[in-house]
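A quick write-up on the structure given underneath.
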Amino acid sequence: MKLEGVYKQVRDDVRATLADRKTQKLKRLIIGQNVKDGVIAKLIIIALLTVIGFLYVKPILYMISTSLKSVADMIDPVVGLIPRELNLDNYKDAWKGLNYLDGFADTMTIALLGSIFQVFTCALTGYALARLKFPGKNLFFFLILIAFLIPPQLTIVPLYMIYSELGWINTPFVFLIPAIFGQGLRGALFIIIFRQFFHTQPKALEEAAKIDGASVFRLFFRIMMPLATGACLVVFLFSFVWYWNMSYEAALFLSKDFTPLSLRLSSMQMELLGNKAIDFSAGVGKDPISEGPKMAGAFLIIFPPLVIYLIAQRWFTEGIERTGLVE
Amino acid sequence: MNGKTSRRKQLFLFRWKEYGVGYLFMLPWLIGFIAFVAFPVGWSLWNSFNQVFITSEGFKYTWVGLNNFRRMLIENNAYPIILLTYMQEVLLIIPLILIFSFFVSLLLNERFPGRAWMRALFFLPVIFATGQVIMELFGQGAGQLPFVQDYKLDVILREYFNESTANMLLGILGKAVIILWYSGVQILIFIAGFQTIPKTVYEAVKVDGASPWESFWKITFPGMLPFIGLNAVYTIVDLFTFPLNPVMEIVRNNMFSPTTGYGYASAMAWLYFAIIMVLLGITLWLTYRATKGRGDVR
């Protein structure tokens, strides 16, 4: 009798602690041991990011939806983000208006060649700053930082004078030649990236190569450059995207003949208004006729870098960490 | 004796051979720096004190001293006003970008399903920040934050601030999304920065009974100060070619204007540069003061 009572009590105790443990486990899962680990915290984070992210990409959604709308859909206030039917006429107009293939070739020339040159020269300079010994290295590094901080506004006037003397205006040389000499778009930043990258590499490799009698050039091209493939890719991608998007320098130096896509949007509007005789000047601000093609054109312009981003997304977002720019 | 000097000579030669390789590696950059940075900067300074004419024999200079600056500041006083307005905007934009990117990177630093996608999303605008595309989107009002209109923020702002301040704030809010599009790289730098703070420190303060709130302000925030400074500098540099930056356009228009020309345009650029340098100086000084005794940035 007594024994049974004890047994019952023990059983109840065990049950209670087990149940307690279960609730604790559940509690830990939801709230988390750390405030940040729980499901609730994670849900809040995801919700916050989703809301902010939606606001963040809304202009892009707007662009895509507008580019697919027909004029009737544009005027109709009932139609929101989703057009009633998919209309690809805007894309046809924009393709013609931008003279897309032509512009694509021009932009590609600058972006591709410019980036290749930049990767090469910046790697060379970054390697010298990180590993080679010579007096005045700190001064050079200081000058690179200064070059990064000088606004382009300061140099475009004399550069325009130089380029027009040399006859480079309206040719890709205005961007390619500086890129060869490490002064391309944000070249200073890329040099810093390469310098930091080469800093993090082990010295033993170089010593071994030197003992084996390899010259510095051989060492650089055969060992260091292959090692730096990741950094090269990061620099190439960033440089490519920035060259592709560059519009201010391009607007000054390239106005005729050789025009990258980024500049063709405004001239496209003229062409379209010329093509379409219908006058819609009554509506102030938004012009439903040219808006669709313009947004289609904008999408066509950003489409190639977008594809590259989808393929190489990992290198973009992890690149800065990987190259050790931030230490 | 003789052997010693020859050995010293050999050492000297050996050293300079090594240095020579270094200089050889630096040579392309050095040529580029002289041709495309140092020389243009010098020329630009020279231009700013001159009236530049284009003749059939090339450029002709007439020394006018500070006349370009005088004309720009006193006679046609539109430029200083534009510059000041823009600088006010910049002073608002920089904290806006910094706070936004810090907050987002703080969230993105946590572990949760789909984090890689979210990171990719917030970096997306860097991919297509083309000046004209952005201007087009902005022109169609796509850059506006939705709650500005919904809550009649414009009325509220006009009530509490004077006319010009309210207009400026509304201007910023009107293009807020576009401005925040310029925080992609900053978010990445912040995320990378969070990795530099060792996890053991957090564990240690947790054992000591610090709440997450305290550990943020005592550990995370001080540790991130150098990165905030770095990002402030990057933001300033990024804003040089910001599509809504009016300076580039004005400089370009004045270059080809018959009444002003290259000299006047150069003077304008130098005024902008001077203000930027003050801004950068203040930023670096603040960062230096805040991080004194810690590791340097970069």
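The chains in the structure tokens are called A, B, ... from first to last as shown; in each chain the residues are counted from 1, and the ligands are counted from 1 in the order shown.
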
Could you pull the residues within 9 Å of segment 76-86 of chain A, counting only C-alpha atoms, minus those fewer than 6 positions along the same chain, as JSON, numbers by chain?
{"A": [61, 62, 65, 66, 68, 69, 70]}

How would the residues just chosen look if you wrote them out with N, CA and C atoms as a tab-separated table (two decimals), in the first residue's frame?
chain	number	residue	atom	x	y	z
A	61	LEU	N	9.75	46.05	-60.30
A	61	LEU	CA	8.50	45.40	-60.68
A	61	LEU	C	7.66	46.35	-61.52
A	62	TYR	N	7.66	47.61	-61.08
A	62	TYR	CA	6.92	48.63	-61.82
A	62	TYR	C	7.44	48.72	-63.25
A	65	SER	N	6.36	45.61	-65.22
A	65	SER	CA	4.92	45.56	-65.50
A	65	SER	C	4.55	46.63	-66.53
A	66	THR	N	5.13	47.83	-66.38
A	66	THR	CA	4.81	48.88	-67.35
A	66	THR	C	5.26	48.50	-68.74
A	68	LEU	N	5.25	45.76	-70.07
A	68	LEU	CA	4.40	44.74	-70.69
A	68	LEU	C	2.98	45.22	-70.96
A	69	LYS	N	2.69	46.47	-70.55
A	69	LYS	CA	1.32	46.96	-70.70
A	69	LYS	C	1.10	47.55	-72.09
A	70	SER	N	-0.12	47.41	-72.55
A	70	SER	CA	-0.50	48.11	-73.77
A	70	SER	C	-0.97	49.51	-73.38

Would you give me, as JSON lines, each residue of segment 136-236 of chain A having an atom within 10 Å of an atom of segment 260-281 of chain B, along with its shortest atom pair and that distance in Å to one decimal, using only C-alpha atoms and sorting by chain and residue number?
{"residue": "A:Leu149", "atom": "CA", "partner": "B:Met277", "partner_atom": "CA", "distance": 8.6}
{"residue": "A:Ile150", "atom": "CA", "partner": "B:Phe273", "partner_atom": "CA", "distance": 7.5}
{"residue": "A:Pro151", "atom": "CA", "partner": "B:Phe273", "partner_atom": "CA", "distance": 6.8}
{"residue": "A:Pro152", "atom": "CA", "partner": "B:Ala269", "partner_atom": "CA", "distance": 9.0}
{"residue": "A:Gln153", "atom": "CA", "partner": "B:Ala269", "partner_atom": "CA", "distance": 5.6}
{"residue": "A:Leu154", "atom": "CA", "partner": "B:Ala269", "partner_atom": "CA", "distance": 5.0}
{"residue": "A:Thr155", "atom": "CA", "partner": "B:Ala269", "partner_atom": "CA", "distance": 8.3}
{"residue": "A:Ile156", "atom": "CA", "partner": "B:Ser266", "partner_atom": "CA", "distance": 8.8}
{"residue": "A:Val157", "atom": "CA", "partner": "B:Ser266", "partner_atom": "CA", "distance": 6.5}
{"residue": "A:Pro158", "atom": "CA", "partner": "B:Tyr262", "partner_atom": "CA", "distance": 8.1}
{"residue": "A:Tyr160", "atom": "CA", "partner": "B:Tyr262", "partner_atom": "CA", "distance": 9.7}
{"residue": "A:Met161", "atom": "CA", "partner": "B:Tyr262", "partner_atom": "CA", "distance": 8.7}

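Minimum atom-to-atom distance to Ala192 of chain B, evaluated using only C-alpha atoms, belongs to A:Glu318 out of A:Asn170, A:Gln24, A:Lys92, A:Glu318.
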
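Set the cut-off at 6 Å, count only C-alpha atoms, and the residues of chain A near chain B turn out to be Pro59, Leu124, Thr125, Ala128, Leu132, Lys133, Phe134, Pro151, Gln153, Leu154, Thr155, Pro158, Phe181, Gly182, Gln183, Asn245, Ser247, Ala298, Ile302 and Glu321 of chain A.
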
Taking the chain letters and numbering used in this document, name the residues of segment 11-258 of chain B that DSSP puts in helix (DSSP H, G or I), as a VMD selection string.
chain B and resid 11 to 48 67 to 75 78 to 109 115 to 127 131 to 139 146 to 150 153 to 160 163 to 174 176 to 194 199 to 207 212 to 241 246 to 256

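DSSP on the backbone gives strand (DSSP E or B) for these parts of segment 34-212 of chain B: B:Asn50, B:Gln51, B:Val52, B:Phe53, B:Ile54, B:Thr55, B:Gly58, B:Phe59, B:Lys60, B:Tyr61, B:Thr62, B:Trp63.
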
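Near Phe141 of chain A, within 9 Å and counting only C-alpha atoms, sit Leu129, Gly136, Lys137, Leu145, Ile146 and Ile192 of chain A; same-chain residues fewer than 4 positions away were not included.
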
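One finds atom CA of Leu237 of chain A at 26.9 Å from atom CA of Tyr91 of chain A.
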